[in-house]
$ cat protein-v5.csv   # CSV, C-alpha atoms
chain,number,residue,atom,x,y,z
A,1,SER,CA,-12.9,-6.6,-42.6
A,2,GLN,CA,-16.5,-7.3,-43.6
A,3,LYS,CA,-18.6,-4.4,-44.7
A,4,ILE,CA,-22.3,-4.5,-45.2
A,5,GLU,CA,-24.5,-2.2,-47.3
A,6,GLN,CA,-28.3,-2.1,-47.2
A,7,ASN,CA,-29.9,-0.7,-50.3
A,8,SER,CA,-31.3,2.5,-48.9
A,9,GLU,CA,-31.6,4.3,-45.6
A,10,ALA,CA,-35.3,4.6,-46.0
A,11,LEU,CA,-38.0,3.0,-48.1
A,12,ASN,CA,-41.6,4.1,-48.5
A,13,ILE,CA,-44.2,1.8,-50.0
A,14,GLN,CA,-47.9,1.6,-50.2
A,15,GLU,CA,-49.9,-0.8,-48.1
A,16,GLY,CA,-50.5,-4.1,-49.8
A,17,LYS,CA,-47.4,-3.9,-52.0
A,18,THR,CA,-44.3,-6.1,-51.6
A,19,ALA,CA,-41.3,-4.4,-49.9
A,20,THR,CA,-37.9,-5.6,-51.0
A,21,LEU,CA,-34.8,-4.8,-49.0
A,22,THR,CA,-31.3,-5.5,-50.1
A,23,CYS,CA,-28.2,-6.5,-48.2
A,24,ASN,CA,-24.8,-6.6,-49.9
A,25,TYR,CA,-21.6,-7.6,-48.2
A,26,THR,CA,-17.9,-7.8,-49.1
A,27,ASN,CA,-15.3,-10.4,-48.6
A,28,TYR,CA,-16.2,-13.9,-47.7
A,29,SER,CA,-19.7,-15.3,-47.4
A,30,PRO,CA,-20.8,-16.2,-43.9
A,31,ALA,CA,-22.2,-19.5,-42.9
A,32,TYR,CA,-25.5,-17.8,-42.0
A,33,LEU,CA,-27.1,-14.5,-42.8
A,34,GLN,CA,-29.8,-13.2,-40.5
A,35,TRP,CA,-32.5,-10.5,-40.6
A,36,TYR,CA,-33.7,-8.6,-37.6
A,37,ARG,CA,-36.4,-6.0,-37.1
A,38,GLN,CA,-35.9,-3.0,-34.8
A,39,ASP,CA,-38.6,-0.7,-33.6
A,40,PRO,CA,-37.7,2.8,-32.4
A,41,GLY,CA,-36.2,2.8,-28.9
A,42,ARG,CA,-36.2,-1.0,-28.7
A,43,GLY,CA,-33.7,-3.8,-29.2
A,44,PRO,CA,-33.7,-5.8,-32.5
A,45,VAL,CA,-35.8,-8.9,-32.8
A,46,PHE,CA,-34.8,-11.9,-34.8
A,47,LEU,CA,-36.9,-12.7,-37.9
A,48,LEU,CA,-35.2,-15.2,-40.2
A,49,LEU,CA,-31.9,-16.8,-40.9
A,50,ILE,CA,-30.6,-18.4,-44.1
A,51,ARG,CA,-27.7,-20.7,-44.5
A,52,GLU,CA,-25.1,-20.4,-47.2
A,53,ASN,CA,-26.3,-23.5,-48.9
A,54,GLU,CA,-29.9,-22.3,-49.0
A,55,LYS,CA,-31.3,-20.2,-51.8
A,56,GLU,CA,-34.5,-19.1,-50.2
A,57,LYS,CA,-36.3,-19.2,-46.9
A,58,ARG,CA,-39.9,-18.3,-46.1
A,59,LYS,CA,-41.9,-17.5,-43.0
A,60,GLU,CA,-45.4,-16.3,-43.4
A,61,ARG,CA,-45.3,-13.1,-45.4
A,62,LEU,CA,-41.5,-12.9,-45.2
A,63,LYS,CA,-39.1,-14.3,-47.7
A,64,VAL,CA,-35.3,-14.2,-47.7
A,65,THR,CA,-32.9,-15.1,-50.5
A,66,PHE,CA,-29.2,-15.6,-50.3
A,67,ASP,CA,-26.8,-15.4,-53.3
A,68,THR,CA,-23.3,-16.1,-52.3
A,69,THR,CA,-22.1,-15.4,-55.9
A,70,LEU,CA,-23.5,-11.9,-55.8
A,71,LYS,CA,-22.8,-11.6,-52.1
A,72,GLN,CA,-26.3,-10.4,-51.6
A,73,SER,CA,-29.4,-11.2,-49.6
A,74,LEU,CA,-32.9,-9.9,-50.5
A,75,PHE,CA,-35.6,-9.6,-47.8
A,76,HIS,CA,-39.2,-9.4,-49.0
A,77,ILE,CA,-42.4,-8.6,-47.1
A,78,THR,CA,-45.5,-9.4,-49.2
A,79,ALA,CA,-48.9,-7.8,-48.6
A,80,SER,CA,-47.2,-5.2,-46.5
A,81,GLN,CA,-49.0,-3.5,-43.6
A,82,PRO,CA,-48.5,-0.3,-41.7
A,83,ALA,CA,-47.5,-2.5,-38.7
A,84,ASP,CA,-44.5,-3.7,-40.8
A,85,SER,CA,-43.0,-0.2,-40.5
A,86,ALA,CA,-39.7,-0.5,-38.7
A,87,THR,CA,-36.0,-0.6,-39.4
A,88,TYR,CA,-34.7,-3.9,-40.8
A,89,LEU,CA,-31.1,-5.0,-40.2
A,90,CYS,CA,-29.2,-7.7,-41.9
A,91,ALA,CA,-26.5,-9.4,-40.0
A,92,LEU,CA,-23.6,-11.7,-41.0
A,93,ASP,CA,-23.0,-14.5,-38.6
A,94,LEU,CA,-19.3,-14.9,-38.3
A,95,TRP,CA,-19.5,-17.5,-35.6
A,96,ALA,CA,-17.4,-15.5,-33.0
A,97,ASN,CA,-19.5,-12.4,-33.5
A,98,PHE,CA,-22.0,-10.7,-35.7
A,99,VAL,CA,-21.6,-7.8,-38.1
A,100,PHE,CA,-24.8,-5.7,-38.6
A,101,GLY,CA,-25.7,-3.6,-41.6
A,102,PRO,CA,-26.8,0.0,-41.2
A,103,GLY,CA,-30.4,-0.9,-41.6
A,104,THR,CA,-33.2,0.2,-43.9
A,105,ARG,CA,-36.1,2.2,-42.4
A,106,LEU,CA,-39.3,0.9,-43.9
A,107,SER,CA,-42.5,2.9,-43.9
A,108,VAL,CA,-45.7,1.3,-45.1
A,109,LEU,CA,-48.2,4.0,-46.0
A,110,PRO,CA,-51.9,3.3,-45.5
B,1,GLY,CA,-38.6,-18.4,-26.3
B,2,ALA,CA,-35.4,-16.9,-25.1
B,3,VAL,CA,-35.8,-13.7,-23.2
B,4,VAL,CA,-33.1,-11.1,-22.3
B,5,SER,CA,-34.0,-8.5,-19.7
B,6,GLN,CA,-32.1,-5.2,-19.6
B,7,HIS,CA,-32.3,-2.6,-16.9
B,8,PRO,CA,-32.6,0.3,-16.6
B,9,SER,CA,-34.5,1.1,-19.8
B,10,TRP,CA,-33.4,4.7,-19.4
B,11,VAL,CA,-31.2,6.7,-17.1
B,12,ILE,CA,-30.2,10.3,-16.7
B,13,CYS,CA,-27.1,11.1,-14.7
B,14,LYS,CA,-24.8,14.0,-14.0
B,15,SER,CA,-21.4,14.2,-15.7
B,16,GLY,CA,-18.7,12.4,-13.7
B,17,THR,CA,-21.0,9.8,-12.2
B,18,SER,CA,-20.9,6.1,-13.0
B,19,VAL,CA,-23.9,4.2,-14.4
B,20,LYS,CA,-24.4,0.4,-14.3
B,21,ILE,CA,-26.6,-1.4,-16.8
B,22,GLU,CA,-27.7,-5.0,-16.2
B,23,CYS,CA,-28.4,-7.7,-18.8
B,24,ARG,CA,-30.0,-10.9,-17.7
B,25,SER,CA,-30.9,-14.0,-19.6
B,26,LEU,CA,-34.2,-15.1,-18.0
B,27,ASP,CA,-34.8,-18.6,-19.2
B,28,PHE,CA,-31.5,-19.8,-20.5
B,29,GLN,CA,-27.8,-19.7,-19.7
B,30,ALA,CA,-25.5,-17.5,-21.7
B,31,THR,CA,-21.8,-18.0,-21.6
B,32,THR,CA,-21.4,-15.2,-24.1
B,33,MET,CA,-23.2,-11.8,-24.2
B,34,PHE,CA,-22.6,-8.9,-26.5
B,35,TRP,CA,-22.8,-5.2,-25.7
B,36,TYR,CA,-23.7,-2.8,-28.5
B,37,ARG,CA,-23.9,1.0,-28.7
B,38,GLN,CA,-26.3,2.6,-31.2
B,39,PHE,CA,-26.4,6.3,-32.2
B,40,PRO,CA,-29.6,7.8,-33.7
B,41,LYS,CA,-30.4,6.3,-37.1
B,42,GLN,CA,-27.3,4.3,-37.1
B,43,SER,CA,-26.6,0.6,-36.9
B,44,LEU,CA,-25.4,-1.4,-33.9
B,45,MET,CA,-21.7,-0.9,-33.0
B,46,LEU,CA,-20.3,-3.9,-31.1
B,47,MET,CA,-18.4,-2.6,-28.1
B,48,ALA,CA,-17.4,-5.8,-26.4
B,49,THR,CA,-18.0,-9.5,-26.0
B,50,SER,CA,-18.7,-10.6,-22.4
B,51,ASN,CA,-17.5,-14.0,-21.4
B,52,GLU,CA,-18.7,-15.7,-18.3
B,53,GLY,CA,-15.9,-16.1,-15.8
B,54,SER,CA,-13.3,-14.4,-17.8
B,55,LYS,CA,-12.4,-11.0,-19.1
B,56,ALA,CA,-14.4,-9.3,-21.8
B,57,THR,CA,-13.1,-8.9,-25.2
B,58,TYR,CA,-13.2,-5.2,-26.3
B,59,GLU,CA,-13.5,-4.0,-29.9
B,60,GLN,CA,-10.8,-1.7,-31.2
B,61,GLY,CA,-11.3,1.9,-30.0
B,62,VAL,CA,-13.5,1.0,-27.0
B,63,GLU,CA,-11.9,2.1,-23.7
B,64,LYS,CA,-11.8,-0.8,-21.3
B,65,ASP,CA,-11.5,1.5,-18.3
B,66,LYS,CA,-14.4,3.6,-19.4
B,67,PHE,CA,-16.8,0.7,-20.1
B,68,LEU,CA,-16.3,-2.0,-17.5
B,69,ILE,CA,-18.0,-5.3,-18.2
B,70,ASN,CA,-18.5,-8.0,-15.7
B,71,HIS,CA,-20.0,-11.4,-16.5
B,72,ALA,CA,-20.1,-13.0,-13.1
B,73,SER,CA,-22.7,-15.7,-13.8
B,74,LEU,CA,-24.3,-17.6,-16.7
B,75,THR,CA,-27.3,-15.3,-16.6
B,76,LEU,CA,-26.0,-11.9,-15.8
B,77,SER,CA,-23.6,-9.4,-17.5
B,78,THR,CA,-23.2,-5.8,-16.4
B,79,LEU,CA,-21.9,-2.8,-18.2
B,80,THR,CA,-20.7,0.1,-16.1
B,81,VAL,CA,-20.0,3.5,-17.8
B,82,THR,CA,-17.5,5.1,-15.5
B,83,SER,CA,-17.1,8.8,-15.0
B,84,ALA,CA,-19.8,9.4,-17.7
B,85,HIS,CA,-19.6,12.5,-19.9
B,86,PRO,CA,-22.2,13.9,-22.3
B,87,GLU,CA,-20.4,12.2,-25.2
B,88,ASP,CA,-21.3,8.8,-23.6
B,89,SER,CA,-25.0,9.5,-24.1
B,90,SER,CA,-26.3,6.8,-26.3
B,91,PHE,CA,-28.5,3.8,-26.6
B,92,TYR,CA,-26.8,0.7,-25.2
B,93,ILE,CA,-28.1,-2.8,-26.1
B,94,CYS,CA,-27.1,-6.2,-24.9
B,95,SER,CA,-27.7,-9.5,-26.5
B,96,ALA,CA,-27.1,-13.2,-25.8
B,97,ARG,CA,-27.1,-16.4,-27.7
B,98,ASP,CA,-29.3,-19.2,-26.5
B,99,GLU,CA,-26.8,-21.8,-27.5
B,100,TYR,CA,-28.6,-24.8,-26.0
B,101,HIS,CA,-32.2,-24.4,-27.1
B,102,SER,CA,-32.4,-22.3,-30.2
B,103,GLY,CA,-30.6,-24.8,-32.4
B,104,ALA,CA,-29.1,-21.9,-34.3
B,105,ASN,CA,-26.7,-19.0,-33.7
B,106,VAL,CA,-29.5,-16.5,-33.1
B,107,LEU,CA,-29.1,-13.4,-30.9
B,108,THR,CA,-31.8,-12.4,-28.4
B,109,PHE,CA,-31.6,-8.7,-27.6
B,110,GLY,CA,-32.5,-6.8,-24.5
B,111,ALA,CA,-34.8,-3.8,-24.9
B,112,GLY,CA,-31.9,-1.4,-24.6
B,113,SER,CA,-30.9,1.3,-22.2
B,114,ARG,CA,-31.0,5.0,-23.1
B,115,LEU,CA,-28.3,6.9,-21.2
B,116,THR,CA,-28.4,10.7,-21.1
B,117,VAL,CA,-25.5,12.4,-19.4
B,118,LEU,CA,-26.1,16.0,-18.4
$ encode --input "protein-v5.csv" --output "C-alpha cells"
Amino acid sequence: SQKIEQNSEALNIQEGKTATLTCNYTNYSPAYLQWYRQDPGRGPVFLLLIRENEKEKRKERLKVTFDTTLKQSLFHITASQPADSATYLCALDLWANFVFGPGTRLSVLP
Amino acid sequence: GAVVSQHPSWVICKSGTSVKIECRSLDFQATTMFWYRQFPKQSLMLMATSNEGSKATYEQGVEKDKFLINHASLTLSTLTVTSAHPEDSSFYICSARDEYHSGANVLTFGAGSRLTVL
C-alpha cells in the first residue's frame, strides 16, 4: 500500500524566509498530488494540486514541484508570514480515494 | 466555491449513548463523501467512503456496526457513533468531491466534529 512521509513533524522558520516542505511516497506515482492546509481544530483546506506530467505549479506565494522519478513533491511558501503557520498535508489522489501524509506543522516566527 | 457544512462542531456525551454527525454539501451534489478520524497531531485516517443510495465502504479495521454511515441524498451523509465509549473520543471530519464544478478531483472538507465521550 502507499505510504507517505513528510520531511518533519514540525518546522520553524523566520518571517520573510522561504519555507520548504517535503512529501515522499512509495510505490506508484499518482495521477495527481495535492497539498492541503489545516488549522488547529478545523478541517483541511485545499491549496494546490499538481499532475504527474507537470514539474511545477505556482499560486501566489506558493509553489509545488513534483518529481515522479524521486517520488517526491516539494511545497514552498515564499516571503513567509506568521499567518502561514499551520499544518500542511500532502495527499495522493488515487482516484477512488486519497491517502494523506502525516503533515508538517509549520511555525513562522515574527 | 464548494462548501461542506458539518454539525455539530463539538459534542460531549455519556458512555453508552449514540451520537449522530451530519455532513452536508451546500452548493453542489456529492455522490461520494468520505469520513475521516483524526487523533491529536496525527494525520487523517480514512474510516469509510459514503456512497449515495448504497452501502458505505469501510476501511479495514473500522467497525461497521459501531460507525453507521447513511448517505440518503446527494447532499447529506451522516455518521452515527453507536454506544460510544471514551476510546471513540476523537475529531471526525467529512469531505466531499465537487465532481461537476471543480474540474478536478479536489476534496472539500467540513469543519470537523470534536467528540468527547465521558
$ residues_around --input "protein-v5.csv" --residues "region 42-47 of chain A" --least-positions-apart "2" --cutoff "8 Å" --atoms "all atoms listed in the file" --output "PyMOL selection string"
(chain A and resi 34-40+49) or (chain B and resi 93+106-112)
$ residues_near_point --input "protein-v5.csv" --point "(-29.2, -4.8, -35.6)" --cutoff "6 Å" --atoms "all atoms listed in the file" --output "NGL selection string"
(:A and (44 or 89 or 100)) or (:B and (44))
$ residues_near_point --input "protein-v5.csv" --point "(-48.8, -6.3, -51.0)" --cutoff "9 Å" --atoms "only C-alpha atoms" --output "PyMOL selection string"
chain A and resi 14-19+77-81
$ atom_distance --input "protein-v5.csv" --atom1 "CA of Leu115 (chain B)" --atom2 "CA of Phe98 (chain A)"
23.7 Å
$ atom_distance --input "protein-v5.csv" --atom1 "CA of Ile12 (chain B)" --atom2 "CA of Ala86 (chain A)"
26.3 Å
$ atom_distance --input "protein-v5.csv" --atom1 "CA of Thr80 (chain B)" --atom2 "CA of Lys66 (chain B)"
7.9 Å
$ interface_residues --input "protein-v5.csv" --of "chain B" --to "chain A" --cutoff "12 Å" --atoms "only C-alpha atoms" --output "MDAnalysis selection string"
chainID B and resid 1:6 9:10 32:51 57:59 90:97 99 102:115
$ residues_around --input "protein-v5.csv" --residues "Val19 (chain B)" --least-positions-apart "5" --cutoff "12 Å" --atoms "all atoms listed in the file" --output "JSON list (two decimals) with C-alpha atoms, in the coordinates of the input"
[["chain", "number", "residue", "atom", "x", "y", "z"],
["B", 7, "HIS", "CA", -32.30, -2.60, -16.90],
["B", 8, "PRO", "CA", -32.60, 0.30, -16.60],
["B", 10, "TRP", "CA", -33.40, 4.70, -19.40],
["B", 11, "VAL", "CA", -31.20, 6.70, -17.10],
["B", 12, "ILE", "CA", -30.20, 10.30, -16.70],
["B", 13, "CYS", "CA", -27.10, 11.10, -14.70],
["B", 14, "LYS", "CA", -24.80, 14.00, -14.00],
["B", 66, "LYS", "CA", -14.40, 3.60, -19.40],
["B", 67, "PHE", "CA", -16.80, 0.70, -20.10],
["B", 68, "LEU", "CA", -16.30, -2.00, -17.50],
["B", 69, "ILE", "CA", -18.00, -5.30, -18.20],
["B", 78, "THR", "CA", -23.20, -5.80, -16.40],
["B", 79, "LEU", "CA", -21.90, -2.80, -18.20],
["B", 80, "THR", "CA", -20.70, 0.10, -16.10],
["B", 81, "VAL", "CA", -20.00, 3.50, -17.80],
["B", 82, "THR", "CA", -17.50, 5.10, -15.50],
["B", 83, "SER", "CA", -17.10, 8.80, -15.00],
["B", 84, "ALA", "CA", -19.80, 9.40, -17.70],
["B", 85, "HIS", "CA", -19.60, 12.50, -19.90],
["B", 88, "ASP", "CA", -21.30, 8.80, -23.60],
["B", 89, "SER", "CA", -25.00, 9.50, -24.10],
["B", 92, "TYR", "CA", -26.80, 0.70, -25.20],
["B", 113, "SER", "CA", -30.90, 1.30, -22.20],
["B", 114, "ARG", "CA", -31.00, 5.00, -23.10],
["B", 115, "LEU", "CA", -28.30, 6.90, -21.20],
["B", 116, "THR", "CA", -28.40, 10.70, -21.10],
["B", 117, "VAL", "CA", -25.50, 12.40, -19.40]]
$ residues_around --input "protein-v5.csv" --residues "Asp84 (chain A)" --least-positions-apart "6" --cutoff "8 Å" --atoms "all atoms listed in the file" --output "mmCIF file with C-alpha atoms, in the frame of the given file"
data_model
loop_
_atom_site.group_PDB
_atom_site.id
_atom_site.type_symbol
_atom_site.label_atom_id
_atom_site.label_comp_id
_atom_site.auth_asym_id
_atom_site.auth_seq_id
_atom_site.Cartn_x
_atom_site.Cartn_y
_atom_site.Cartn_z
ATOM 1 C CA LEU A 106 -39.300 0.900 -43.900
ATOM 2 C CA SER A 107 -42.500 2.900 -43.900
ATOM 3 C CA VAL A 108 -45.700 1.300 -45.100
#
$ closest_residue --input "protein-v5.csv" --among "A:Glu5, A:Leu92, A:His76, A:Tyr25" --to "Ile50 (chain A)" --atoms "only C-alpha atoms"
A:Leu92
$ residues_around --input "protein-v5.csv" --residues "Asn7 (chain A)" --least-positions-apart "4" --cutoff "10 Å" --atoms "all atoms listed in the file" --output "list in words"
Leu11, Thr20, Leu21, Thr22, Cys23, Asn24, Leu74, Pro102, Gly103 and Thr104 of chain A
$ build_atoms --input "protein-v5.csv" --residues "region 11-35 of chain A" --atoms "N, CA and C atoms" --output "compact mmCIF listing (two decimals), in the frame of the given file"
# COMPACT_ATOMS: atom_id res chain seq x y z
N LEU A 11 -37.15 3.50 -47.01
CA LEU A 11 -38.00 3.00 -48.10
C LEU A 11 -39.43 3.18 -47.76
N ASN A 12 -40.15 3.85 -48.65
CA ASN A 12 -41.60 4.10 -48.50
C ASN A 12 -42.35 3.25 -49.48
N ILE A 13 -43.34 2.50 -49.03
CA ILE A 13 -44.20 1.80 -50.00
C ILE A 13 -45.63 1.85 -49.55
N GLN A 14 -46.50 1.54 -50.48
CA GLN A 14 -47.90 1.60 -50.20
C GLN A 14 -48.38 0.27 -49.59
N GLU A 15 -49.32 0.37 -48.69
CA GLU A 15 -49.90 -0.80 -48.10
C GLU A 15 -50.35 -1.82 -49.10
N GLY A 16 -50.06 -3.08 -48.86
CA GLY A 16 -50.50 -4.10 -49.80
C GLY A 16 -49.42 -4.51 -50.79
N LYS A 17 -48.47 -3.63 -51.01
CA LYS A 17 -47.40 -3.90 -52.00
C LYS A 17 -46.32 -4.77 -51.29
N THR A 18 -45.40 -5.28 -52.12
CA THR A 18 -44.30 -6.10 -51.60
C THR A 18 -43.07 -5.14 -51.38
N ALA A 19 -42.53 -5.20 -50.19
CA ALA A 19 -41.30 -4.40 -49.90
C ALA A 19 -40.12 -5.34 -50.12
N THR A 20 -39.11 -4.82 -50.79
CA THR A 20 -37.90 -5.60 -51.00
C THR A 20 -36.69 -4.80 -50.52
N LEU A 21 -35.98 -5.39 -49.59
CA LEU A 21 -34.80 -4.80 -49.00
C LEU A 21 -33.58 -5.56 -49.40
N THR A 22 -32.49 -4.84 -49.62
CA THR A 22 -31.30 -5.50 -50.10
C THR A 22 -30.14 -5.36 -49.13
N CYS A 23 -29.37 -6.42 -49.05
CA CYS A 23 -28.20 -6.50 -48.20
C CYS A 23 -27.02 -6.98 -49.01
N ASN A 24 -26.01 -6.17 -49.14
CA ASN A 24 -24.80 -6.60 -49.90
C ASN A 24 -23.61 -6.57 -48.93
N TYR A 25 -22.72 -7.53 -49.09
CA TYR A 25 -21.60 -7.60 -48.20
C TYR A 25 -20.30 -7.83 -49.05
N THR A 26 -19.18 -7.56 -48.42
CA THR A 26 -17.90 -7.80 -49.10
C THR A 26 -17.21 -8.98 -48.53
N ASN A 27 -16.12 -9.30 -49.08
CA ASN A 27 -15.30 -10.40 -48.60
C ASN A 27 -15.98 -11.74 -48.62
N TYR A 28 -15.70 -12.55 -47.65
CA TYR A 28 -16.20 -13.90 -47.70
C TYR A 28 -17.63 -14.04 -47.25
N SER A 29 -18.27 -15.10 -47.74
CA SER A 29 -19.70 -15.30 -47.40
C SER A 29 -19.74 -16.00 -46.02
N PRO A 30 -20.67 -15.57 -45.20
CA PRO A 30 -20.80 -16.20 -43.90
C PRO A 30 -21.57 -17.49 -43.99
N ALA A 31 -21.47 -18.28 -42.95
CA ALA A 31 -22.20 -19.50 -42.90
C ALA A 31 -23.73 -19.25 -42.82
N TYR A 32 -24.06 -18.18 -42.14
CA TYR A 32 -25.50 -17.80 -42.00
C TYR A 32 -25.59 -16.29 -42.21
N LEU A 33 -26.74 -15.92 -42.70
CA LEU A 33 -27.10 -14.50 -42.80
C LEU A 33 -28.44 -14.37 -42.14
N GLN A 34 -28.57 -13.33 -41.33
CA GLN A 34 -29.80 -13.20 -40.50
C GLN A 34 -30.43 -11.81 -40.78
N TRP A 35 -31.72 -11.75 -40.55
CA TRP A 35 -32.50 -10.50 -40.60
C TRP A 35 -33.15 -10.24 -39.30
